[in-house]
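Content type compact mmCIF, C-alpha atoms, from the file target-v1.txt:
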# COMPACT_ATOMS: atom_id res chain seq x y z
CA MET A 1 126.35 105.18 74.86
CA SER A 2 124.29 102.97 72.56
CA ARG A 3 120.65 103.74 71.99
CA ALA A 4 118.30 100.77 72.11
CA GLY A 5 117.85 99.33 68.65
CA SER A 6 120.50 101.52 67.04
CA LEU A 7 123.08 99.70 64.85
CA ARG A 8 126.30 99.15 66.85
CA VAL A 9 129.25 100.28 64.72
CA GLY A 10 132.96 99.69 65.22
CA VAL A 11 135.22 102.03 63.26
CA LEU A 12 138.82 101.23 62.32
CA ALA A 13 141.12 104.12 61.45
CA SER A 14 144.87 104.53 61.04
CA GLY A 15 145.41 108.24 60.59
CA VAL A 16 143.75 111.63 60.75
CA GLY A 17 140.28 110.20 61.23
CA GLY A 18 138.39 112.58 58.97
CA ASN A 19 135.95 109.85 57.99
CA LEU A 20 135.53 108.83 61.64
CA GLN A 21 134.68 112.43 62.49
CA ALA A 22 132.15 112.55 59.64
CA ILE A 23 130.47 109.42 61.04
CA LEU A 24 130.46 110.80 64.61
CA ASP A 25 128.98 114.10 63.40
CA THR A 26 126.20 112.56 61.32
CA VAL A 27 124.71 109.08 61.81
CA HIS A 28 126.17 108.79 65.35
CA ALA A 29 125.02 112.24 66.48
CA GLU A 30 121.62 111.72 64.86
CA GLY A 31 121.14 108.30 66.49
CA GLU A 32 120.74 106.30 63.30
CA ALA A 33 123.77 104.24 64.32
CA THR A 34 126.03 104.27 67.35
CA VAL A 35 129.81 104.14 67.22
CA VAL A 36 130.57 101.84 70.17
CA ALA A 37 134.26 101.20 69.54
CA VAL A 38 137.15 102.73 67.58
CA GLY A 39 140.12 100.49 66.81
CA THR A 40 143.47 101.43 65.36
CA ASP A 41 146.81 99.86 64.46
CA ASN A 42 148.57 103.20 64.99
CA PRO A 43 149.17 104.49 68.55
CA GLY A 44 149.77 107.94 67.07
CA ALA A 45 146.54 108.16 65.07
CA ILE A 46 144.78 111.50 65.41
CA ALA A 47 141.58 109.48 65.17
CA ILE A 48 142.16 108.33 68.78
CA GLY A 49 141.60 111.83 70.14
CA ARG A 50 138.45 112.23 68.06
CA ALA A 51 136.99 109.00 69.48
CA GLN A 52 137.90 109.99 73.04
CA ALA A 53 136.35 113.43 72.58
CA ALA A 54 133.12 111.70 71.59
CA GLY A 55 133.32 109.37 74.60
CA VAL A 56 133.86 106.26 72.46
CA PRO A 57 136.13 103.47 73.78
CA VAL A 58 139.42 103.16 71.85
CA GLY A 59 141.43 100.00 71.25
CA VAL A 60 145.03 100.23 70.04
CA PHE A 61 146.40 97.11 68.34
CA PRO A 62 149.92 97.81 67.03
CA MET A 63 151.55 95.08 64.94
CA ASP A 64 154.57 95.11 67.24
CA ASP A 65 152.50 93.70 70.10
CA TYR A 66 151.60 90.52 68.20
CA PRO A 67 153.57 87.68 66.64
CA ASP A 68 151.79 88.08 63.31
CA ARG A 69 148.90 89.74 61.50
CA LEU A 70 146.53 86.86 62.16
CA ARG A 71 146.94 87.13 65.96
CA ARG A 72 146.57 90.89 65.83
CA ASP A 73 143.40 90.66 63.77
CA GLU A 74 142.02 87.98 66.09
CA ALA A 75 142.58 90.26 69.08
CA LEU A 76 140.99 93.17 67.23
CA ALA A 77 137.97 91.04 66.23
CA ALA A 78 137.54 89.76 69.79
CA TRP A 79 137.68 93.29 71.15
CA LEU A 80 135.07 94.51 68.64
CA ALA A 81 132.87 91.49 69.45
CA SER A 82 133.17 92.31 73.18
CA HIS A 83 131.58 95.67 72.33
CA ARG A 84 128.84 93.81 70.44
CA VAL A 85 129.75 95.49 67.16
CA GLU A 86 127.33 94.66 64.34
CA LEU A 87 129.01 96.59 61.53
CA VAL A 88 132.74 97.23 61.10
CA VAL A 89 133.60 100.39 59.15
CA LEU A 90 137.07 100.89 57.71
CA ALA A 91 137.55 104.64 57.70
CA GLY A 92 141.07 105.22 56.48
CA TYR A 93 142.28 101.91 57.91
CA MET A 94 145.44 101.08 56.00
CA LYS A 95 145.89 97.40 56.78
CA LEU A 96 144.45 94.38 55.00
CA LEU A 97 142.29 92.31 57.38
CA ALA A 98 142.92 88.59 57.89
CA PRO A 99 140.27 86.22 56.47
CA ALA A 100 139.54 85.04 60.03
CA PHE A 101 138.55 88.61 60.92
CA LEU A 102 136.19 88.81 57.94
CA ALA A 103 134.71 85.39 58.77
CA ARG A 104 133.74 86.77 62.18
CA PHE A 105 131.79 89.64 60.59
CA PRO A 106 130.35 88.14 57.39
CA ARG A 107 129.12 90.84 54.99
CA ARG A 108 129.46 93.19 57.93
CA VAL A 109 132.69 95.01 57.07
CA ILE A 110 132.61 98.04 54.76
CA ASN A 111 135.33 100.29 53.37
CA VAL A 112 135.56 103.61 51.56
CA HIS A 113 137.96 103.86 48.60
CA PRO A 114 138.93 107.00 46.65
CA ALA A 115 138.29 105.62 43.15
CA LEU A 116 135.49 104.21 41.05
CA LEU A 117 136.21 100.53 41.63
CA PRO A 118 137.09 98.23 39.93
CA ALA A 119 139.39 100.94 38.54
CA PHE A 120 142.44 101.73 40.67
CA PRO A 121 142.24 99.41 43.68
CA GLY A 122 144.83 99.40 46.42
CA ILE A 123 147.27 102.04 47.56
CA GLY A 124 147.60 105.35 45.70
CA ALA A 125 144.26 105.20 43.89
CA VAL A 126 144.27 108.88 42.98
CA GLU A 127 147.91 108.72 41.86
CA GLN A 128 147.01 105.74 39.67
CA GLY A 129 144.11 107.65 38.15
CA LEU A 130 146.22 110.72 37.41
CA ALA A 131 148.93 108.57 35.83
CA TYR A 132 146.34 106.85 33.63
CA GLY A 133 144.96 110.24 32.64
CA VAL A 134 141.33 109.76 33.63
CA LYS A 135 138.97 112.73 33.51
CA VAL A 136 136.47 111.33 36.01
CA PHE A 137 137.37 110.48 39.60
CA GLY A 138 135.16 109.18 42.36
CA VAL A 139 134.53 107.37 45.59
CA THR A 140 133.27 103.84 46.30
CA VAL A 141 131.83 102.36 49.50
CA HIS A 142 131.95 98.57 49.31
CA PHE A 143 131.74 95.43 51.39
CA VAL A 144 135.17 94.08 52.22
CA ASP A 145 136.09 90.63 51.00
CA GLU A 146 139.44 88.84 50.98
CA GLY A 147 140.74 90.71 47.94
CA VAL A 148 142.11 94.23 47.75
CA ASP A 149 139.08 96.48 47.20
CA THR A 150 137.25 93.76 45.29
CA GLY A 151 134.08 93.38 47.37
CA PRO A 152 130.51 94.20 46.27
CA VAL A 153 129.81 97.90 45.70
CA ILE A 154 127.25 99.65 47.91
CA LEU A 155 127.52 103.28 46.79
CA GLN A 156 129.58 105.18 44.25
CA ARG A 157 129.79 108.82 43.38
CA ALA A 158 131.67 110.34 40.45
CA VAL A 159 133.09 113.77 39.77
CA GLU A 160 134.48 115.12 36.51
CA LEU A 161 137.87 116.74 37.03
CA PRO A 162 139.21 117.08 33.49
CA HIS A 163 141.88 119.58 34.47
CA ALA A 164 143.15 118.00 37.70
CA GLU A 165 146.94 118.02 37.84
CA THR A 166 147.87 116.94 41.36
CA VAL A 167 146.77 114.45 43.97
CA GLU A 168 145.76 117.34 46.22
CA ASP A 169 143.55 118.83 43.44
CA VAL A 170 141.63 115.57 43.39
CA TYR A 171 141.56 114.83 47.14
CA GLU A 172 140.20 118.27 47.86
CA VAL A 173 137.10 117.18 45.93
CA LEU A 174 136.99 113.51 46.96
CA ARG A 175 137.42 114.06 50.70
CA PRO A 176 134.00 115.72 51.18
CA LEU A 177 132.47 113.00 48.98
CA GLU A 178 133.93 110.31 51.25
CA HIS A 179 132.59 112.17 54.30
CA GLU A 180 129.15 112.13 52.72
CA LEU A 181 129.09 108.65 51.21
CA LEU A 182 130.39 106.59 54.16
CA PRO A 183 127.78 107.87 56.67
CA GLU A 184 125.14 107.45 53.96
CA ALA A 185 126.08 103.78 53.59
CA ILE A 186 125.93 103.26 57.36
CA ARG A 187 122.52 104.97 57.46
CA LEU A 188 121.22 102.70 54.69
CA ILE A 189 122.59 99.54 56.33
CA ALA A 190 121.13 100.59 59.69
CA ALA A 191 117.76 101.08 58.00
CA GLY A 192 117.90 97.60 56.46
CA ALA A 193 117.92 99.15 52.99
CA VAL A 194 121.03 97.35 51.72
CA THR A 195 120.44 93.82 50.43
CA PHE A 196 122.10 91.39 48.05
CA ASP A 197 120.55 90.39 44.75
CA PRO A 198 119.89 86.66 45.31
CA GLU A 199 120.56 85.91 41.64
CA SER A 200 123.80 87.84 41.51
CA PRO A 201 125.45 88.31 44.92
CA ARG A 202 127.94 90.86 43.60
CA ARG A 203 125.03 93.20 42.98
CA VAL A 204 123.94 95.15 46.02
CA ARG A 205 120.45 96.55 46.04
CA VAL A 206 120.10 99.87 47.77
CA GLY A 207 116.61 101.08 48.45
CA GLY A 208 114.01 101.48 51.10
CA SER A 209 112.68 104.58 52.75
CA ARG A 210 115.76 106.69 52.07
CA PRO A 211 116.91 105.73 48.60
CA VAL A 212 120.13 107.17 47.25
CA SER A 213 119.33 109.84 44.71
CA SER A 214 120.31 109.21 41.12
CA LYS A 215 121.23 112.77 40.29
CA MET B 1 132.14 119.05 0.43
CA SER B 2 135.05 120.10 2.63
CA ARG B 3 135.34 123.68 3.74
CA ALA B 4 138.78 125.24 3.46
CA GLY B 5 140.63 124.82 6.73
CA SER B 6 138.04 122.52 8.29
CA LEU B 7 139.39 119.30 9.84
CA ARG B 8 138.88 116.39 7.41
CA VAL B 9 137.31 113.50 9.30
CA GLY B 10 136.90 109.87 8.27
CA VAL B 11 134.32 107.93 10.27
CA LEU B 12 134.28 104.14 10.62
CA ALA B 13 131.04 102.46 11.65
CA SER B 14 129.75 98.89 11.67
CA GLY B 15 126.11 99.17 12.62
CA VAL B 16 123.25 101.58 13.16
CA GLY B 17 125.43 104.65 12.90
CA GLY B 18 123.89 106.67 15.70
CA ASN B 19 127.23 108.22 16.56
CA LEU B 20 127.89 108.95 12.86
CA GLN B 21 124.54 110.74 12.69
CA ALA B 22 125.39 112.76 15.79
CA ILE B 23 128.65 113.86 14.15
CA LEU B 24 126.90 114.75 10.87
CA ASP B 25 124.25 116.75 12.71
CA THR B 26 126.69 118.73 14.88
CA VAL B 27 130.34 119.43 14.04
CA HIS B 28 129.84 118.50 10.37
CA ALA B 29 126.68 120.59 9.92
CA GLU B 30 128.22 123.48 11.83
CA GLY B 31 131.42 123.41 9.75
CA GLU B 32 133.83 122.81 12.64
CA ALA B 33 134.93 119.60 10.96
CA THR B 34 133.96 117.90 7.70
CA VAL B 35 133.17 114.22 7.37
CA VAL B 36 134.84 113.43 4.03
CA ALA B 37 134.60 109.63 4.11
CA VAL B 38 132.65 106.91 5.92
CA GLY B 39 134.15 103.43 5.96
CA THR B 40 132.58 100.20 7.13
CA ASP B 41 133.34 96.49 7.34
CA ASN B 42 129.64 95.65 7.13
CA PRO B 43 127.84 95.92 3.76
CA GLY B 44 124.53 95.91 5.68
CA ALA B 45 125.38 98.76 8.05
CA ILE B 46 122.56 101.27 8.44
CA ALA B 47 125.35 103.85 8.75
CA ILE B 48 125.87 103.59 4.98
CA GLY B 49 122.50 105.15 4.25
CA ARG B 50 123.14 107.95 6.73
CA ALA B 51 126.42 108.82 5.01
CA GLN B 52 124.82 108.71 1.56
CA ALA B 53 121.97 110.93 2.74
CA ALA B 54 124.57 113.47 3.84
CA GLY B 55 126.39 113.21 0.51
CA VAL B 56 129.50 111.64 2.07
CA PRO B 57 131.46 109.02 0.06
CA VAL B 58 131.17 105.50 1.52
CA GLY B 59 133.77 102.73 1.36
CA VAL B 60 132.79 99.14 2.18
CA PHE B 61 135.65 96.85 3.19
CA PRO B 62 134.27 93.44 4.16
CA MET B 63 136.73 90.93 5.60
CA ASP B 64 135.67 88.38 2.96
CA ASP B 65 137.21 90.51 0.21
CA TYR B 66 140.72 90.34 1.69
CA PRO B 67 143.14 87.52 2.54
CA ASP B 68 143.59 88.82 6.09
CA ARG B 69 142.93 91.68 8.48
CA LEU B 70 146.21 93.41 7.67
CA ARG B 71 145.40 93.67 3.95
CA ARG B 72 141.89 94.87 4.68
CA ASP B 73 143.14 97.54 7.06
CA GLU B 74 145.79 98.61 4.54
CA ALA B 75 143.11 99.07 1.89
CA LEU B 76 140.92 100.98 4.34
CA ALA B 77 143.83 103.23 5.37
CA ALA B 78 144.76 103.90 1.73
CA TRP B 79 141.16 104.80 0.91
CA LEU B 80 140.94 107.19 3.88
CA ALA B 81 144.28 108.72 2.89
CA SER B 82 143.00 109.20 -0.67
CA HIS B 83 140.27 111.37 0.86
CA ARG B 84 142.97 113.29 2.76
CA VAL B 85 141.50 112.29 6.11
CA GLU B 86 143.23 113.99 9.05
CA LEU B 87 141.29 112.37 11.89
CA VAL B 88 139.79 108.87 11.96
CA VAL B 89 136.77 108.47 14.26
CA LEU B 90 135.59 105.03 15.32
CA ALA B 91 131.86 105.43 15.84
CA GLY B 92 130.58 101.99 16.70
CA TYR B 93 133.29 100.31 14.65
CA MET B 94 133.53 96.78 16.02
CA LYS B 95 136.87 95.63 14.63
CA LEU B 96 140.34 96.03 16.09
CA LEU B 97 142.59 98.00 13.69
CA ALA B 98 145.94 96.61 12.56
CA PRO B 99 149.06 98.38 13.92
CA ALA B 100 149.94 99.36 10.33
CA PHE B 101 146.67 101.29 10.14
CA LEU B 102 147.41 103.13 13.36
CA ALA B 103 150.96 103.89 12.21
CA ARG B 104 149.48 105.67 9.20
CA PHE B 105 147.38 107.96 11.43
CA PRO B 106 149.56 108.47 14.50
CA ARG B 107 147.58 109.92 17.41
CA ARG B 108 144.87 110.58 14.85
CA VAL B 109 142.42 107.77 15.58
CA ILE B 110 139.80 108.20 18.31
CA ASN B 111 137.12 105.90 19.70
CA VAL B 112 134.09 106.16 21.96
CA HIS B 113 133.59 103.47 24.60
CA PRO B 114 130.56 102.94 26.89
CA ALA B 115 132.48 102.71 30.18
CA LEU B 116 134.78 104.75 32.35
CA LEU B 117 138.07 103.30 31.14
CA PRO B 118 140.26 101.66 32.35
CA ALA B 119 137.24 99.87 33.85
CA PHE B 120 135.45 97.44 31.51
CA PRO B 121 137.39 97.57 28.23
CA GLY B 122 136.42 95.50 25.20
CA ILE B 123 133.13 93.94 24.22
CA GLY B 124 130.10 94.10 26.51
CA ALA B 125 131.29 96.98 28.66
CA VAL B 126 127.85 97.69 30.12
CA GLU B 127 127.24 93.98 30.76
CA GLN B 128 130.59 93.82 32.56
CA GLY B 129 129.67 96.82 34.70
CA LEU B 130 126.28 95.39 35.64
CA ALA B 131 127.85 92.04 36.53
CA TYR B 132 130.42 93.79 38.75
CA GLY B 133 127.63 95.75 40.40
CA VAL B 134 128.89 99.29 39.79
CA LYS B 135 126.64 102.22 40.65
CA VAL B 136 128.29 104.68 38.28
CA PHE B 137 128.46 104.18 34.53
CA GLY B 138 129.94 106.42 31.88
CA VAL B 139 131.45 107.10 28.50
CA THR B 140 135.07 107.60 27.41
CA VAL B 141 136.47 109.13 24.24
CA HIS B 142 140.10 108.12 23.82
CA PHE B 143 142.92 107.92 21.33
CA VAL B 144 143.27 104.43 19.89
CA ASP B 145 146.51 102.56 20.45
CA GLU B 146 147.39 98.94 19.79
CA GLY B 147 145.62 97.64 22.91
CA VAL B 148 141.91 97.11 23.47
CA ASP B 149 140.57 100.46 24.70
CA THR B 150 143.88 101.30 26.38
CA GLY B 151 144.79 104.58 24.66
CA PRO B 152 145.02 108.02 26.29
CA VAL B 153 141.71 109.46 27.50
CA ILE B 154 140.40 112.67 25.92
CA LEU B 155 136.98 113.07 27.54
CA GLN B 156 134.95 111.15 30.08
CA ARG B 157 131.48 111.64 31.46
CA ALA B 158 129.92 109.74 34.35
CA VAL B 159 126.36 109.07 35.38
CA GLU B 160 125.09 107.54 38.61
CA LEU B 161 122.62 104.74 37.95
CA PRO B 162 122.39 102.98 41.31
CA HIS B 163 119.20 101.16 40.41
CA ALA B 164 120.02 100.07 36.84
CA GLU B 165 119.03 96.45 36.24
CA THR B 166 119.40 95.85 32.52
CA VAL B 167 121.77 96.74 29.71
CA GLU B 168 118.97 98.73 28.07
CA ASP B 169 118.42 100.76 31.28
CA VAL B 170 122.04 101.83 31.06
CA TYR B 171 122.34 102.32 27.30
CA GLU B 172 119.29 104.53 27.27
CA VAL B 173 121.33 106.96 29.36
CA LEU B 174 124.76 106.37 27.81
CA ARG B 175 123.68 106.67 24.17
CA PRO B 176 122.89 110.41 24.37
CA LEU B 177 126.15 110.91 26.30
CA GLU B 178 128.08 109.24 23.47
CA HIS B 179 126.29 111.42 20.94
CA GLU B 180 127.37 114.47 22.89
CA LEU B 181 130.91 113.49 23.84
CA LEU B 182 132.21 112.22 20.48
CA PRO B 183 131.32 115.41 18.54
CA GLU B 184 132.72 117.44 21.45
CA ALA B 185 136.06 115.62 21.15
CA ILE B 186 136.14 116.24 17.37
CA ARG B 187 135.34 119.91 17.95
CA LEU B 188 138.17 120.22 20.49
CA ILE B 189 140.68 118.42 18.23
CA ALA B 190 139.63 120.58 15.26
CA ALA B 191 140.20 123.66 17.42
CA GLY B 192 143.70 122.49 18.36
CA ALA B 193 142.62 122.30 21.99
CA VAL B 194 143.72 118.69 22.59
CA THR B 195 147.42 118.24 23.38
CA PHE B 196 149.62 115.71 25.14
CA ASP B 197 151.37 116.46 28.41
CA PRO B 198 155.05 116.35 27.37
CA GLU B 199 156.04 114.94 30.76
CA SER B 200 153.38 112.25 30.79
CA PRO B 201 152.08 111.31 27.33
CA ARG B 202 149.18 109.30 28.71
CA ARG B 203 147.74 112.54 30.03
CA VAL B 204 145.78 114.49 27.47
CA ARG B 205 145.30 118.18 28.08
CA VAL B 206 142.01 119.56 26.95
CA GLY B 207 141.62 123.30 26.90
CA GLY B 208 141.51 126.31 24.62
CA SER B 209 138.65 128.55 23.72
CA ARG B 210 135.95 125.94 24.34
CA PRO B 211 137.02 124.09 27.47
CA VAL B 212 135.03 121.09 28.62
CA SER B 213 132.93 122.07 31.60
CA SER B 214 133.69 120.45 34.92
CA LYS B 215 130.14 120.18 36.16

Produce structure tokens that represent the structure in this file.
Amino acid sequence: MSRAGSLRVGVLASGVGGNLQAILDTVHAEGEATVVAVGTDNPGAIAIGRAQAAGVPVGVFPMDDYPDRLRRDEALAAWLASHRVELVVLAGYMKLLAPAFLARFPRRVINVHPALLPAFPGIGAVEQGLAYGVKVFGVTVHFVDEGVDTGPVILQRAVELPHAETVEDVYEVLRPLEHELLPEAIRLIAAGAVTFDPESPRRVRVGGSRPVSSK
Amino acid sequence: MSRAGSLRVGVLASGVGGNLQAILDTVHAEGEATVVAVGTDNPGAIAIGRAQAAGVPVGVFPMDDYPDRLRRDEALAAWLASHRVELVVLAGYMKLLAPAFLARFPRRVINVHPALLPAFPGIGAVEQGLAYGVKVFGVTVHFVDEGVDTGPVILQRAVELPHAETVEDVYEVLRPLEHELLPEAIRLIAAGAVTFDPESPRRVRVGGSRPVSSK
């Protein structure tokens, strides 16, 4: 499946797999990166069917099959490594990854989060934002570290929704932003356009031949 | 100076007074609100000259003239009340206000802050954002409560600056946003278009005849 020289991507998803589909339909279809493995913790994830339809190998790693999270994450990491995954993409993956997993893919795990981090990390980001009463919502793609949504930011996009009342009002707008931003981050990483500021490693420089527009 | 029926605004400023000037040039000049008093803690504030040039009474309340912050804020509140101020606007006012001051103007004190709250409250908001490595910056106008930049949000505006390197890079963009957003909030309050959600008092409803655009 993988094209020579194309970045080998492993995607982890727990649910519907909308972000997985966005990746398959864009960077994967266009050959800028290749999804070589899709892992999940949920045997009922709709994402599984999407991966199979695209001919991508699926690994199912339910918690119940392992004595603890560490063993499960070790098995998952080993499976991804066996597919020679170079970048791990959390696309609606709802579990925290063990430090040993992250150590195996240093600065090579990214996540998409439905808020402008550092505001509203963790579960229920949009609910948190509505409860606070913010007027601007947004999406962040970031490197995953050992904290909850605390890793260095790669891309962010904001949207003003001053009259949003419900979670669905907001998600309706954020979902397409996620589907745009996550493939864009993969494209930039594949192109070697994402680097760390040596003087300030929290600051990610994004540039190169396809810079992100500053609209 | 005040037009009959126009909202009577007291502005507090500590420095250059750019936001004060923006208020004088817009809602004040257009008669939607009337700046009836400008207070400052800094006898050297450039804002003083701007107020005088507009014919607005100035009160200077330096800390050194009072035994403590509480007494100073009491004097400031009494002076604003003597000018029958209905809305207090913090426009680059760098001091925290005593609870007794806020109690005198309940839900009638607003502030402008150069970040998308609740991210990066307090001093050095832009510096904090750059150090975190955010790609989106912004401005918040909010009601002031007893915390540091924790009150209910009235307006927010975001701007994507993925390549910003310095505080000045960011402020160059945020300054005009502040000058737009703070007068807009005063205009909306003067028009009675800013109300609290009775079920969730942190959520401010902004509407009426001049709704804020959701671009």

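Between A:Ser200 and the candidates B:Leu130, B:Ala13, B:Ala81, B:Val60, the tightest atom-to-atom separation, counting all atoms listed in the file, involves B:Leu130.
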
Let me have the centre and edge lengths in Å, one decimal, of the box along x, y and z around every listed atom of stretch 101-104 of chain A with 8 Å of margin on each side, as JSON.
{"center_x": 136.1, "center_y": 87.1, "center_z": 60.1, "size_x": 20.8, "size_y": 19.4, "size_z": 20.2}

task = Would you mind listing what lies within 12 Å of stretch 168-171 of chain A as a ChimeraX atom specification, with all atoms listed in the file counted and same-chain residues fewer than 2 positions away left out?
result = /A:113-115,124-130,134-139,158-166,173-179

inquiry  = Taking all atoms listed in the file into account, find every residue of chain A that has an atom no more than 9 Å from chain B, and write it out as a PyMOL selection string.
reply    = chain A and resi 116-120+130-136+140+152-163+200-207+212-215

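Our summary of the geometry notes that atom CA of A:Pro62 is positioned 25.0 Å from atom CA of A:Leu182.
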
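Excluding A:Ala75 itself and any same-chain residue fewer than 2 positions from it, the protein and nucleic acid residues within 12 Å of it, counting all atoms listed in the file, are A:Gly39, A:Thr40, A:Asp41, A:Gly59, A:Val60, A:Phe61, A:Pro62, A:Met63, A:Asp65, A:Tyr66, A:Pro67, A:Asp68, A:Arg69, A:Leu70, A:Arg71, A:Arg72, A:Asp73, A:Ala77, A:Ala78, A:Trp79, A:Leu80, A:Ala81, A:Ser82, A:Leu97, A:Ala98, A:Ala100, A:Phe101, A:Arg104.
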
Quick one: write out the picked residues with C-alpha atoms as a PDB file, in the coordinates of the input?
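Below is the file that was written, out_10.pdb:
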ATOM      1  CA  GLY A  39     140.120 100.490  66.810  1.00  0.00           C
ATOM      2  CA  THR A  40     143.470 101.430  65.360  1.00  0.00           C
ATOM      3  CA  ASP A  41     146.810  99.860  64.460  1.00  0.00           C
ATOM      4  CA  GLY A  59     141.430 100.000  71.250  1.00  0.00           C
ATOM      5  CA  VAL A  60     145.030 100.230  70.040  1.00  0.00           C
ATOM      6  CA  PHE A  61     146.400  97.110  68.340  1.00  0.00           C
ATOM      7  CA  PRO A  62     149.920  97.810  67.030  1.00  0.00           C
ATOM      8  CA  MET A  63     151.550  95.080  64.940  1.00  0.00           C
ATOM      9  CA  ASP A  65     152.500  93.700  70.100  1.00  0.00           C
ATOM     10  CA  TYR A  66     151.600  90.520  68.200  1.00  0.00           C
ATOM     11  CA  PRO A  67     153.570  87.680  66.640  1.00  0.00           C
ATOM     12  CA  ASP A  68     151.790  88.080  63.310  1.00  0.00           C
ATOM     13  CA  ARG A  69     148.900  89.740  61.500  1.00  0.00           C
ATOM     14  CA  LEU A  70     146.530  86.860  62.160  1.00  0.00           C
ATOM     15  CA  ARG A  71     146.940  87.130  65.960  1.00  0.00           C
ATOM     16  CA  ARG A  72     146.570  90.890  65.830  1.00  0.00           C
ATOM     17  CA  ASP A  73     143.400  90.660  63.770  1.00  0.00           C
ATOM     18  CA  ALA A  77     137.970  91.040  66.230  1.00  0.00           C
ATOM     19  CA  ALA A  78     137.540  89.760  69.790  1.00  0.00           C
ATOM     20  CA  TRP A  79     137.680  93.290  71.150  1.00  0.00           C
ATOM     21  CA  LEU A  80     135.070  94.510  68.640  1.00  0.00           C
ATOM     22  CA  ALA A  81     132.870  91.490  69.450  1.00  0.00           C
ATOM     23  CA  SER A  82     133.170  92.310  73.180  1.00  0.00           C
ATOM     24  CA  LEU A  97     142.290  92.310  57.380  1.00  0.00           C
ATOM     25  CA  ALA A  98     142.920  88.590  57.890  1.00  0.00           C
ATOM     26  CA  ALA A 100     139.540  85.040  60.030  1.00  0.00           C
ATOM     27  CA  PHE A 101     138.550  88.610  60.920  1.00  0.00           C
ATOM     28  CA  ARG A 104     133.740  86.770  62.180  1.00  0.00           C
TER      29      ARG A 104
END

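The smallest atom-to-atom distance between B:Val38 and any of B:Ala193, B:Val56, B:Val167, B:Val112, using only C-alpha atoms, is found for B:Val56.
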
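Our summary of the geometry notes that atom CA of A:Pro106 is positioned 10.0 Å from atom CA of A:Glu86.
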
Kindly reconstruct stretch 12-16 of chain A with all heavy atoms and present the result as a PDB file, in the frame of the given file.
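Saved file selection_30.pdb follows:
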ATOM      1  N   LEU A  12     137.365 101.395  62.317  1.00  0.00           N
ATOM      2  CA  LEU A  12     138.820 101.230  62.320  1.00  0.00           C
ATOM      3  C   LEU A  12     139.454 102.359  61.523  1.00  0.00           C
ATOM      4  O   LEU A  12     139.024 102.652  60.398  1.00  0.00           O
ATOM      5  CB  LEU A  12     139.225  99.882  61.718  1.00  0.00           C
ATOM      6  CG  LEU A  12     138.621  98.633  62.359  1.00  0.00           C
ATOM      7  CD1 LEU A  12     139.243  97.371  61.744  1.00  0.00           C
ATOM      8  CD2 LEU A  12     138.815  98.637  63.870  1.00  0.00           C
ATOM      9  N   ALA A  13     140.457 102.993  62.113  1.00  0.00           N
ATOM     10  CA  ALA A  13     141.120 104.120  61.450  1.00  0.00           C
ATOM     11  C   ALA A  13     142.606 104.071  61.771  1.00  0.00           C
ATOM     12  O   ALA A  13     143.007 103.593  62.835  1.00  0.00           O
ATOM     13  CB  ALA A  13     140.521 105.445  61.913  1.00  0.00           C
ATOM     14  N   SER A  14     143.424 104.557  60.839  1.00  0.00           N
ATOM     15  CA  SER A  14     144.870 104.530  61.040  1.00  0.00           C
ATOM     16  C   SER A  14     145.488 105.922  61.140  1.00  0.00           C
ATOM     17  O   SER A  14     146.627 106.052  61.573  1.00  0.00           O
ATOM     18  CB  SER A  14     145.561 103.830  59.866  1.00  0.00           C
ATOM     19  OG  SER A  14     145.180 102.485  59.782  1.00  0.00           O
ATOM     20  N   GLY A  15     144.752 106.951  60.735  1.00  0.00           N
ATOM     21  CA  GLY A  15     145.410 108.240  60.590  1.00  0.00           C
ATOM     22  C   GLY A  15     144.626 109.392  61.170  1.00  0.00           C
ATOM     23  O   GLY A  15     144.264 109.398  62.341  1.00  0.00           O
ATOM     24  N   VAL A  16     144.361 110.366  60.317  1.00  0.00           N
ATOM     25  CA  VAL A  16     143.750 111.630  60.750  1.00  0.00           C
ATOM     26  C   VAL A  16     142.336 111.426  61.272  1.00  0.00           C
ATOM     27  O   VAL A  16     141.887 112.143  62.167  1.00  0.00           O
ATOM     28  CB  VAL A  16     143.767 112.635  59.568  1.00  0.00           C
ATOM     29  CG1 VAL A  16     142.964 113.873  59.906  1.00  0.00           C
ATOM     30  CG2 VAL A  16     145.205 113.004  59.212  1.00  0.00           C
TER      31      VAL A  16
END
